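Q: The following block contains the structure, expressed as structure tokens.
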Amino acid sequence: MSSMRFAVSMLSVLGIASIIGTVLKQNEPYENYIIKFGQFWFNFFEGLGLYDVYHSGWFLLILLFLVISTSLCIYRNSPSMVKEWRTFKDHATEKSLNAFSHQETYAFNSGLENTKQQLIHFLQAKGFQYKVKTHADGSELIAAKAGTHQRLGYIFTHAAIVIICFGGLLDGNLPLKVQEMLGHKRVETLDIPESQVPEVSRLSINNPSFRANMTLPEGMSDNVAFVRVRDGYLVQDLPFRISLKDFRIEHYATGQPKSFESDIVITDPDLKTPLTKTISVNHPLIYKGVAIYQSDFQDGGTKLNFKVWDLSSKSNQAQTLDGAIFQKGVVGEGADALKVEYNDFRKFNIINLSPDGKGKPHNVGPNITYKLRDAQGQAKEYVTYMQPLQIDGKHYFISGMRETVQQDFQYLRIPVDSDFGLNGFMHFRATMMDEAQYSEIAHRLAQNAIAADKNAAVKTQFEDSVIQLMRTFAEGGYNRVAQVIEKSVPENEREIAARTYIRMINLAAFEAYNLSLAADKKPLLVNNVETQTLIQDSLNAFSDMFFYGTPYYLQLAQFEHKEASGLQLTKSPGQKWVYLGSALLVLGIFAMMYIRERRIWLSLKPANQQVHFAMSSNRKNLDFEQEFNLYREQIRNLMA
Amino acid sequence: MNTNVLDYQPKSLLQRLNWQDWLYAAILLSGAVYAYSQYSQYMDIYEKGFLFGAVAVFSYLGWQWKSLAKLVLGVGVVSIFSITLYHGDQARATQAFLLKYLVSSQSAIMWMNVLFVLAMAVYWFALFKRSEFSGKFASSLTWTAVLMGFVGLMVRWYESYLIAPDVGHIPISNLYEVFILFCLITSLLYLHYEQRFNTKQLGGFVLVVVNAAVGFILWYTFDRQAHNIQPLVPALQSYWMKIHVPANFVGYGSFSLAAMVASAYLLAKRGILASRLPSLDVLDDVMYKSIAVGFAFFTIATILGAMWAAEAWGGYWSWDPKETWALIVWLNYAAWLHLRMVKGLRGPVLAWWALVGLIVTTFAFLGVNMFLSGLHSYGEL
């Protein structure tokens with residue numbers, strides 16, 4: 001297991017195993033995986049631990065093998081490395097020197113001692129350390145070495161890997177896994193209040209290592225955090241209490257967020273006065289070994305006031321409704337009552353509304369996300385913007401609906417009135433629903449459409465058909481009209497009939513709009529292009545109401561914003577080990593790559609007045625060749 | 001003959017310095033002192049450290065490699081000239097003649113693109129014609145491209161502060177900016193080996209990968225308007241960015257360079273262009289040195305990244321896709337170095353491996369942003 005082949009295989013296997021977790025999104029809610037894979041494959045993949053690869057047993061096993069293999073390498077090779085580091089190899093014999101690929105022999109003229117001193121000076125000038133050994137026959141061997149610190153690089157890098165993995169292990173979830181297996185701990189999967197979570201799902205304040213989350217609404221405090229594990233969580237008790245005084249988001253002029261900051265106060269019996277501190281992204285607070293980070297933010301229970309419009313009613317008045325995010329309410333009465341679940345409020349929404357998508361995104365103001373649930377438990381999700389959005393140069397109130405999370409929202413677009421409000425449309429809608437108004441509308445249409453000299457019967461017939469058409473349109477918009485045409489008009493006349501009907505609906509809508517304006521004592525519409533667009537948009541919105549999935553339109557009238565800060569709390573005793581390992585790793589890598597080990601032997605043989613020069617390196621590359629050639633020439637000059 | 005041993009003693013760095021070297025360092029230092037006197041109240045302790053650290057690093061690099069010193073001074077002079085033309089008004093970038101056509105941030109980057117394309121063409125021409133003159137010309141083009149690229153980044157840095165003081169930031173914060181950085185660092189690494197091994201034959205190969213990046217920059221500019229300066233998201237507002245990102249790109253640049261040299265090696269091994277290219281030993285050595293540099297810097301960059309992550313995300317390692325792919329790249333080259341250094345393996349296997357390494361590296365650099373989501377989603381396509 002300490003072999004080279006095994007080490008390289010381990011590196012490859014670890015690399016390939018790591019890919020899996022980058023391809024499949026990790027630690028998603030389990031429902032997402034079920035939807036993605038279906039129940040069978042979901043169970044299969046869960047068994048393989050694919051939803052949290054890096055904490056799965058088999059992945060830890062690979063890491064364990066890597067650590068064992070590396071440790072064995074160190075154990076096996078360190079003694080020889082240390083030996084190479086220290087030794088001068090002064091036992092080299094003439095015979096072994098002759099076997100070197102890089103060697104040269106020179107004759108020397110000056111005396112032995114003189115030559116020896118000269119060569120020693122040469123080696124010193126080149127930064128070599130040396131040792132002289134005198135043999136019985138009077139010959140002398142100068143054994144020199146340089147750059148043997150390279151050998152330490154081997155020990156440093158390999159020890160670094162073991163130390164980093166050890167640090168990672170301290171911060172990993174292995175202890176928790178073991179406790180789970182022994183039955184000492186159990187992951188809680190139910191959404192219950194923290195105080196009801198049983199002891200078996202709680203982690204004590206003495207837990208040496210954790211990574212937990214905490215959501216604090218403004219003005220609230222807490223002394224527990226939640227550790228997410230697979231499809232559930234554990235409760236981490238904290239040795240202190242954190243209160244959130246204020247959470248702020250600052251924005252750039254373009255509307256993008258510039259900073260997230262939380263003013264927190266820590267109270268602890270060990271503290272004489274509470275500790276007040278502002279944390280922000282990149283600027284955590286560390287207290288009692290627990291690092292407190294600004295992680296995210298969400299709504300903290302914003303208070304909401306709605307105007308509720310009943311789209312199915314002929315009333316032009318709205319009811320009021322109060323609620324708050326994360327709370328529930330009721331709209332409608334009796335059998336029609338729906339439960340409202342207020343899920344999210346966002347004060348800023350940066351959206352790109354330009355038709356080609358190339359314009360600049362900008363802030364379109366607050367929106368609210370809620371669900372309407374009927375008595376059978378079926379829910380539809382809605383997202384409604386508080387202010388009108390500008391689309392193609394015109395302003396609309398936008399509200400989207402979807403029945404499942406996988407679907408895209410289908411949007412209802414309601415054109416604004418002359419005051420940029422919703423009343424104009426709502427009152428128009430009420431008029432269009434109100435049969436009592438139809439005869440007046442029909443009468444006005446008849447007056448404009450039919451010449452005064454025509455007889456009364458023609459007029460009455462025309463008026464009746466207008467009333468009939470309006471009734472049909474009020475029952476189900478364009479769709480209902482189309483159904484009626486299909487049922488009662490022969491196929492070849494349908495197109496003409498449709499065109500006529502649409503024209504009549506438009507005219508009727510114009511009158512209806514003006515009737516509603518007159519009732520509100522507002523200035524009337526004059527017939528021009530803008531008015532036609534308004535009428536057309538209003539009719540589209542009216543027709544789309546029937547696909548809105550509910551008769552209740554919740555118009556957000558006012559809000560009192562309350563935010564919650566998402567904090568992450570970590571305790572990681574392994575961090576200093578990891579950093580120590582990292583430092584060793586860098587030192588080791590530089591030592592291995594940038595310190596070149598070289599050895600020189602100079603054997604002086606007074607008998608035949610010769611110097612034998614041999615040089616070697618544990619890595620023979622171009623640099624070594626160049627150095628050898630240089631030294632060979634320089635020694636030749638010295639000897640000459 | 002009485003030769004003095006001391007003639008053979010290699011001179012230490014300080015002994016080798018002449019008055020020009022000292023002047024160079026003095027200019028850098030006085031620039032830093034001036035910047036400090038003007039802006040120190042806006043810098044935190046780390047940024048002050050980086051300011052003077054940069055003086056030390058660039059002095060040392062310039063002493064070791066004289067051409068780099070000239071480049072540093074050139075970038076400084078041209079950038080300051082450009083900045084004075086702005087009169088503190090960003091709109092002048094498209095109005096003042098010299099800015100619009102030469103040294104505004106955007107123009108300088110466009111000049112860099114053009115010069116890189118030309119340089120590649122001339123390098124290949126020089127290789128086929130065995131023309132020494134053309135080779136020198138190609139080299140000058142590359143140096144000029146690098147100069148313009150750095151000027152572009154410097155002026156962009158200044159421009160970001162003209163948009164709004166709180167928007168100002170070092171231009172290495174998104175995919176567009178780091179692609180420019182990638183081109184510059186890869187070219188500089190190449191130019192270093194070009195001088196050190198006295199060979200201009202590899203320029204055409206290395207500039208292929210640089211020009212691939214240039215192509216990306218052009219597409220990203222014209223199709224996606226990515227050249228517009230965007231403010232920093234909160235997570236990126238940290239001094240760590242100034243060291244983490246450049247260290248990473250020394251790594252990416254070196255690995256890319258090694259891969260291109262590997263391709264030259266594989267061609268030469270088959271006898272293609274063999275007479276024109278440096279010897280296999282030299283190619284092998286450049287490839288090894290490049291991967292060694294890359295590995296060292298990539299290790300440092302990953303460690304710096306871990307330390308930043310510990311400060312920004314609450315954990316030094318989160319198995320985020322970018323982190324994980326950085327690990328995969330690291331493991332890949334760790335294996336490469338094991339085979340080369342411990343087993344002494346040489347030849348085509350390692351060259352092929354270095355080429356495959358480029359694919360892995362490219363995926364870590366670009367593919368992760370394109371296909372995977374995670375904490376590092378700063379440069380989405």
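Order determines the names: the first chain of the structure tokens is A, the second B, and so forth; residues in each chain are numbered 1 upward, and ligands are numbered 1 upward as they are shown.
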What's around Phe298 in chain B at 12 Å? Count only C-alpha atoms, leave out sequence neighbours fewer than 6 positions away in its own chain, and write the answer as a ChimeraX atom specification.
A: /A:585-586,589 /B:243-255,290-292,304-305,323,326-334,361
Q: Please return, as a count of residues only, all residues of chain A lying within 7 Å of chain B when only C-alpha atoms are considered.
A: 30
Q: Extract, using only C-alpha atoms, all DNA, RNA and protein residues at most 9 Å from Gln319 in chain A, discarding same-chain residues fewer than 5 positions from it, and format them as a VMD selection string.
A: chain A and resid 306 to 310
Q: Could you pull the residues within 12 Å of Leu98 in chain B, counting only C-alpha atoms, minus those fewer than 3 positions along the same chain, as an mmCIF file with N, CA and C atoms, in the first residue's frame?
A:
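The resulting file, out.cif, is shown below:
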```cif
data_model
loop_
_atom_site.group_PDB
_atom_site.id
_atom_site.type_symbol
_atom_site.label_atom_id
_atom_site.label_comp_id
_atom_site.auth_asym_id
_atom_site.auth_seq_id
_atom_site.Cartn_x
_atom_site.Cartn_y
_atom_site.Cartn_z
ATOM 1 N N VAL B 78 2.333 54.345 -19.210
ATOM 2 C CA VAL B 78 1.187 54.443 -20.127
ATOM 3 C C VAL B 78 -0.119 54.562 -19.343
ATOM 4 N N PHE B 81 -0.434 58.030 -17.959
ATOM 5 C CA PHE B 81 -0.740 58.925 -19.074
ATOM 6 C C PHE B 81 -2.236 58.827 -19.406
ATOM 7 N N SER B 82 -2.720 57.594 -19.513
ATOM 8 C CA SER B 82 -4.135 57.389 -19.848
ATOM 9 C C SER B 82 -5.040 58.025 -18.797
ATOM 10 N N ILE B 83 -4.708 57.791 -17.546
ATOM 11 C CA ILE B 83 -5.557 58.281 -16.457
ATOM 12 C C ILE B 83 -5.642 59.807 -16.467
ATOM 13 N N THR B 84 -4.505 60.460 -16.795
ATOM 14 C CA THR B 84 -4.539 61.930 -16.807
ATOM 15 C C THR B 84 -5.453 62.450 -17.917
ATOM 16 N N LEU B 85 -5.645 61.636 -18.970
ATOM 17 C CA LEU B 85 -6.504 62.088 -20.070
ATOM 18 C C LEU B 85 -7.988 62.064 -19.700
ATOM 19 N N TYR B 86 -8.326 61.339 -18.654
ATOM 20 C CA TYR B 86 -9.746 61.210 -18.294
ATOM 21 C C TYR B 86 -10.314 62.482 -17.668
ATOM 22 N N ARG B 92 -15.218 60.501 -21.077
ATOM 23 C CA ARG B 92 -14.142 60.845 -22.002
ATOM 24 C C ARG B 92 -13.504 59.618 -22.636
ATOM 25 N N ALA B 93 -13.748 58.438 -22.075
ATOM 26 C CA ALA B 93 -13.204 57.211 -22.650
ATOM 27 C C ALA B 93 -13.628 57.054 -24.102
ATOM 28 N N THR B 94 -14.823 57.563 -24.438
ATOM 29 C CA THR B 94 -15.301 57.416 -25.813
ATOM 30 C C THR B 94 -15.297 58.744 -26.550
ATOM 31 N N GLN B 95 -14.728 59.803 -25.915
ATOM 32 C CA GLN B 95 -14.721 61.112 -26.577
ATOM 33 C C GLN B 95 -13.305 61.569 -26.924
ATOM 34 N N TYR B 101 -9.168 55.715 -29.119
ATOM 35 C CA TYR B 101 -8.517 54.827 -30.073
ATOM 36 C C TYR B 101 -7.292 54.104 -29.520
ATOM 37 N N LEU B 102 -6.827 54.477 -28.332
ATOM 38 C CA LEU B 102 -5.579 53.859 -27.901
ATOM 39 C C LEU B 102 -5.581 53.351 -26.458
ATOM 40 N N VAL B 103 -5.762 54.233 -25.523
ATOM 41 C CA VAL B 103 -5.420 53.835 -24.154
ATOM 42 C C VAL B 103 -6.574 53.882 -23.152
ATOM 43 N N SER B 104 -7.813 54.023 -23.599
ATOM 44 C CA SER B 104 -8.886 53.822 -22.627
ATOM 45 C C SER B 104 -8.868 52.341 -22.296
ATOM 46 N N SER B 105 -9.484 51.977 -21.193
ATOM 47 C CA SER B 105 -9.419 50.585 -20.772
ATOM 48 C C SER B 105 -9.891 49.649 -21.888
ATOM 49 N N SER B 107 -10.220 50.209 -25.169
ATOM 50 C CA SER B 107 -9.381 50.224 -26.371
ATOM 51 C C SER B 107 -8.096 49.458 -26.144
ATOM 52 N N ALA B 108 -7.493 49.655 -24.991
ATOM 53 C CA ALA B 108 -6.232 48.963 -24.711
ATOM 54 C C ALA B 108 -6.445 47.451 -24.756
#
```
Q: Extract, using only C-alpha atoms, all DNA, RNA and protein residues at most 8 Å from range 57-63 of chain A, discarding same-chain residues fewer than 4 positions from it, and format them as a short mmCIF file (atom, residue, chain, number, x, y, z; two decimals) with N, CA and C atoms, in the first residue's frame.
A:
```cif
data_model
loop_
_atom_site.label_atom_id
_atom_site.label_comp_id
_atom_site.auth_asym_id
_atom_site.auth_seq_id
_atom_site.Cartn_x
_atom_site.Cartn_y
_atom_site.Cartn_z
N MET A 10 -4.66 5.96 -5.89
CA MET A 10 -5.48 6.60 -4.85
C MET A 10 -5.84 8.02 -5.26
N VAL A 13 -8.47 7.76 -8.02
CA VAL A 13 -9.78 7.34 -7.52
C VAL A 13 -10.45 8.48 -6.75
N LEU A 14 -9.68 9.17 -5.94
CA LEU A 14 -10.24 10.27 -5.16
C LEU A 14 -10.75 11.36 -6.11
N ALA A 17 -13.97 10.11 -7.78
CA ALA A 17 -15.07 10.08 -6.81
C ALA A 17 -15.58 11.48 -6.52
N GLY A 49 -25.54 6.95 -0.92
CA GLY A 49 -25.11 8.20 -0.27
C GLY A 49 -24.80 9.31 -1.25
N VAL A 53 -22.31 13.03 -0.97
CA VAL A 53 -21.19 12.15 -1.31
C VAL A 53 -20.02 12.30 -0.36
N VAL A 67 -4.88 8.35 3.43
CA VAL A 67 -4.10 8.70 4.62
C VAL A 67 -3.19 7.55 5.02
N CYS A 165 -5.73 15.98 6.42
CA CYS A 165 -6.84 15.02 6.53
C CYS A 165 -7.26 14.85 7.99
#
```
Q: Need to verify the contact set: Ile279 in chain A, 12 Å, only C-alpha atoms, exclusion of same-chain residues closer than 4 positions in sequence. Can you return it as a list in words?
A: Leu244, Lys245, Asp246, Phe247, Arg248, Ser259, Phe260, Glu261, Ser262, Asp263, Ile264, Val265, His283, Pro284, Leu285, Ile286, Ala291, Ile292, Tyr293, Gln294, Ser295, Asp296, Ser565, Gly566, Leu567 and Gln568 of chain A; Glu311 and Ala312 of chain B
Q: Would you save the residues from that selection as a PDB file, in the first residue's frame, using N, CA and C atoms?
A:
```
ATOM      1  N   LEU A 244     -30.689  39.744  17.723  1.00  0.00           N
ATOM      2  CA  LEU A 244     -30.494  40.561  16.529  1.00  0.00           C
ATOM      3  C   LEU A 244     -31.178  41.900  16.755  1.00  0.00           C
ATOM      4  N   LYS A 245     -30.368  42.961  16.781  1.00  0.00           N
ATOM      5  CA  LYS A 245     -30.966  44.295  16.950  1.00  0.00           C
ATOM      6  C   LYS A 245     -31.467  44.828  15.621  1.00  0.00           C
ATOM      7  N   ASP A 246     -30.637  44.652  14.588  1.00  0.00           N
ATOM      8  CA  ASP A 246     -31.007  45.235  13.299  1.00  0.00           C
ATOM      9  C   ASP A 246     -30.319  44.462  12.187  1.00  0.00           C
ATOM     10  N   PHE A 247     -31.014  44.322  11.080  1.00  0.00           N
ATOM     11  CA  PHE A 247     -30.398  43.737   9.887  1.00  0.00           C
ATOM     12  C   PHE A 247     -30.537  44.744   8.762  1.00  0.00           C
ATOM     13  N   ARG A 248     -29.450  44.975   8.042  1.00  0.00           N
ATOM     14  CA  ARG A 248     -29.484  45.983   6.975  1.00  0.00           C
ATOM     15  C   ARG A 248     -28.953  45.414   5.676  1.00  0.00           C
ATOM     16  N   SER A 259     -24.107  45.374   0.685  1.00  0.00           N
ATOM     17  CA  SER A 259     -23.649  44.733   1.911  1.00  0.00           C
ATOM     18  C   SER A 259     -24.822  44.195   2.711  1.00  0.00           C
ATOM     19  N   PHE A 260     -24.552  43.127   3.438  1.00  0.00           N
ATOM     20  CA  PHE A 260     -25.512  42.559   4.381  1.00  0.00           C
ATOM     21  C   PHE A 260     -24.882  42.675   5.766  1.00  0.00           C
ATOM     22  N   GLU A 261     -25.567  43.334   6.669  1.00  0.00           N
ATOM     23  CA  GLU A 261     -24.990  43.528   8.006  1.00  0.00           C
ATOM     24  C   GLU A 261     -26.009  43.219   9.083  1.00  0.00           C
ATOM     25  N   SER A 262     -25.526  42.625  10.161  1.00  0.00           N
ATOM     26  CA  SER A 262     -26.382  42.365  11.317  1.00  0.00           C
ATOM     27  C   SER A 262     -25.760  42.969  12.562  1.00  0.00           C
ATOM     28  N   ASP A 263     -26.546  43.723  13.304  1.00  0.00           N
ATOM     29  CA  ASP A 263     -26.093  44.183  14.609  1.00  0.00           C
ATOM     30  C   ASP A 263     -26.536  43.142  15.622  1.00  0.00           C
ATOM     31  N   ILE A 264     -25.566  42.438  16.200  1.00  0.00           N
ATOM     32  CA  ILE A 264     -25.941  41.396  17.153  1.00  0.00           C
ATOM     33  C   ILE A 264     -25.426  41.716  18.544  1.00  0.00           C
ATOM     34  N   VAL A 265     -26.114  41.148  19.528  1.00  0.00           N
ATOM     35  CA  VAL A 265     -25.699  41.313  20.917  1.00  0.00           C
ATOM     36  C   VAL A 265     -25.585  39.920  21.511  1.00  0.00           C
ATOM     37  N   HIS A 283     -16.745  39.394   7.376  1.00  0.00           N
ATOM     38  CA  HIS A 283     -16.322  39.912   8.681  1.00  0.00           C
ATOM     39  C   HIS A 283     -17.095  39.237   9.812  1.00  0.00           C
ATOM     40  N   PRO A 284     -16.723  37.984  10.124  1.00  0.00           N
ATOM     41  CA  PRO A 284     -17.433  37.256  11.183  1.00  0.00           C
ATOM     42  C   PRO A 284     -16.972  37.694  12.578  1.00  0.00           C
ATOM     43  N   LEU A 285     -17.712  37.222  13.571  1.00  0.00           N
ATOM     44  CA  LEU A 285     -17.309  37.437  14.958  1.00  0.00           C
ATOM     45  C   LEU A 285     -16.976  36.079  15.561  1.00  0.00           C
ATOM     46  N   ILE A 286     -15.863  36.018  16.278  1.00  0.00           N
ATOM     47  CA  ILE A 286     -15.526  34.751  16.924  1.00  0.00           C
ATOM     48  C   ILE A 286     -15.651  34.949  18.424  1.00  0.00           C
ATOM     49  N   ALA A 291     -17.418  30.722  15.617  1.00  0.00           N
ATOM     50  CA  ALA A 291     -17.399  31.815  14.645  1.00  0.00           C
ATOM     51  C   ALA A 291     -18.823  32.053  14.161  1.00  0.00           C
ATOM     52  N   ILE A 292     -19.225  33.322  14.202  1.00  0.00           N
ATOM     53  CA  ILE A 292     -20.592  33.673  13.821  1.00  0.00           C
ATOM     54  C   ILE A 292     -20.537  34.462  12.522  1.00  0.00           C
ATOM     55  N   TYR A 293     -21.130  33.904  11.476  1.00  0.00           N
ATOM     56  CA  TYR A 293     -21.048  34.496  10.142  1.00  0.00           C
ATOM     57  C   TYR A 293     -22.388  35.037   9.691  1.00  0.00           C
ATOM     58  N   GLN A 294     -22.311  36.113   8.894  1.00  0.00           N
ATOM     59  CA  GLN A 294     -23.488  36.574   8.162  1.00  0.00           C
ATOM     60  C   GLN A 294     -23.632  35.648   6.967  1.00  0.00           C
ATOM     61  N   SER A 295     -24.700  34.873   6.920  1.00  0.00           N
ATOM     62  CA  SER A 295     -24.793  33.881   5.868  1.00  0.00           C
ATOM     63  C   SER A 295     -25.852  34.255   4.839  1.00  0.00           C
ATOM     64  N   ASP A 296     -27.072  34.514   5.263  1.00  0.00           N
ATOM     65  CA  ASP A 296     -28.106  34.915   4.313  1.00  0.00           C
ATOM     66  C   ASP A 296     -29.152  35.726   5.053  1.00  0.00           C
ATOM     67  N   SER A 565     -32.188  37.722   9.923  1.00  0.00           N
ATOM     68  CA  SER A 565     -30.826  37.490   9.459  1.00  0.00           C
ATOM     69  C   SER A 565     -30.501  36.016   9.578  1.00  0.00           C
ATOM     70  N   GLY A 566     -29.874  35.469   8.536  1.00  0.00           N
ATOM     71  CA  GLY A 566     -29.441  34.074   8.587  1.00  0.00           C
ATOM     72  C   GLY A 566     -27.995  34.022   9.037  1.00  0.00           C
ATOM     73  N   LEU A 567     -27.765  33.411  10.179  1.00  0.00           N
ATOM     74  CA  LEU A 567     -26.401  33.333  10.701  1.00  0.00           C
ATOM     75  C   LEU A 567     -25.907  31.904  10.576  1.00  0.00           C
ATOM     76  N   GLN A 568     -24.622  31.788  10.331  1.00  0.00           N
ATOM     77  CA  GLN A 568     -24.020  30.468  10.377  1.00  0.00           C
ATOM     78  C   GLN A 568     -23.049  30.446  11.540  1.00  0.00           C
TER      79      GLN A 568
ATOM     80  N   GLU B 311     -13.469  32.656   6.058  1.00  0.00           N
ATOM     81  CA  GLU B 311     -13.870  33.967   6.537  1.00  0.00           C
ATOM     82  C   GLU B 311     -15.212  34.404   5.952  1.00  0.00           C
ATOM     83  N   ALA B 312     -15.489  33.958   4.724  1.00  0.00           N
ATOM     84  CA  ALA B 312     -16.690  34.448   4.045  1.00  0.00           C
ATOM     85  C   ALA B 312     -17.859  33.475   4.151  1.00  0.00           C
TER      86      ALA B 312
END
```
Q: Find the distance between CA of Lys145 in chain A and CA of Arg76 in chain A and write it in Å to one decimal.
A: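 CA of Arg76 in chain A lies at a distance of 23.5 Å from CA of Lys145 in chain A.
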Q: Could you jot down the CA of Gln26 in chain A to CA of Trp41 in chain A separation for me, Å, one decimal place?
A: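 One can read the CA of Gln26 in chain A to CA of Trp41 in chain A distance as 15.8 Å.
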Q: Mind checking DSSP for range 14-194 of chain A and telling me the alpha helix (DSSP H) residues as number ranges by chain?
A: A: 14-23, 30-47, 57-86, 94-98, 112-125, 150-171, 174-182
Q: Neighbouring residues of Arg156 in chain B were defined as those with any atom within 9 Å, considering only C-alpha atoms; residues of the same chain fewer than 3 positions away were excluded. Please report them as a count of residues only.
A: 12
Q: Could you write out, as a PyMOL selection string, all the residues of range 396-514 of chain A that DSSP marks as strand (DSSP E or B)?
A: chain A and resi 396-402+410-415
Q: Take the residues from that selection and put them in a file with C-alpha atoms, as a PDB file, in the first residue's frame.
A:
```pdb
ATOM      1  CA  TYR A 396     -49.504  46.719 -15.443  1.00  0.00           C
ATOM      2  CA  PHE A 397     -50.213  45.150 -12.091  1.00  0.00           C
ATOM      3  CA  ILE A 398     -48.749  41.698 -12.280  1.00  0.00           C
ATOM      4  CA  SER A 399     -49.798  38.593 -10.427  1.00  0.00           C
ATOM      5  CA  GLY A 400     -48.651  35.082 -11.220  1.00  0.00           C
ATOM      6  CA  MET A 401     -50.227  31.729 -10.409  1.00  0.00           C
ATOM      7  CA  ARG A 402     -48.964  28.166 -10.546  1.00  0.00           C
ATOM      8  CA  GLN A 410     -48.842  32.162 -15.438  1.00  0.00           C
ATOM      9  CA  TYR A 411     -49.242  35.893 -15.177  1.00  0.00           C
ATOM     10  CA  LEU A 412     -52.319  38.057 -15.020  1.00  0.00           C
ATOM     11  CA  ARG A 413     -51.574  41.559 -16.334  1.00  0.00           C
ATOM     12  CA  ILE A 414     -53.929  44.276 -15.236  1.00  0.00           C
ATOM     13  CA  PRO A 415     -53.550  47.695 -16.879  1.00  0.00           C
TER      14      PRO A 415
END
```
Q: In terms of the shortest atom-to-atom distance over only C-alpha atoms, which of A:Pro606, A:Gly183, A:Gly574, A:Gly424 is closest to Gly168 in chain A?
A: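 Of A:Pro606, A:Gly183, A:Gly574, A:Gly424, the one nearest Gly168 in chain A, counting only C-alpha atoms, is A:Gly574.
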Q: With distances taken over only C-alpha atoms, which of A:Lys25, A:His55, A:Lys459, A:Lys454 is nearest to Ala442 in chain A?
A: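 Checking each candidate against Ala442 in chain A, we get A:Lys459 as the closest.
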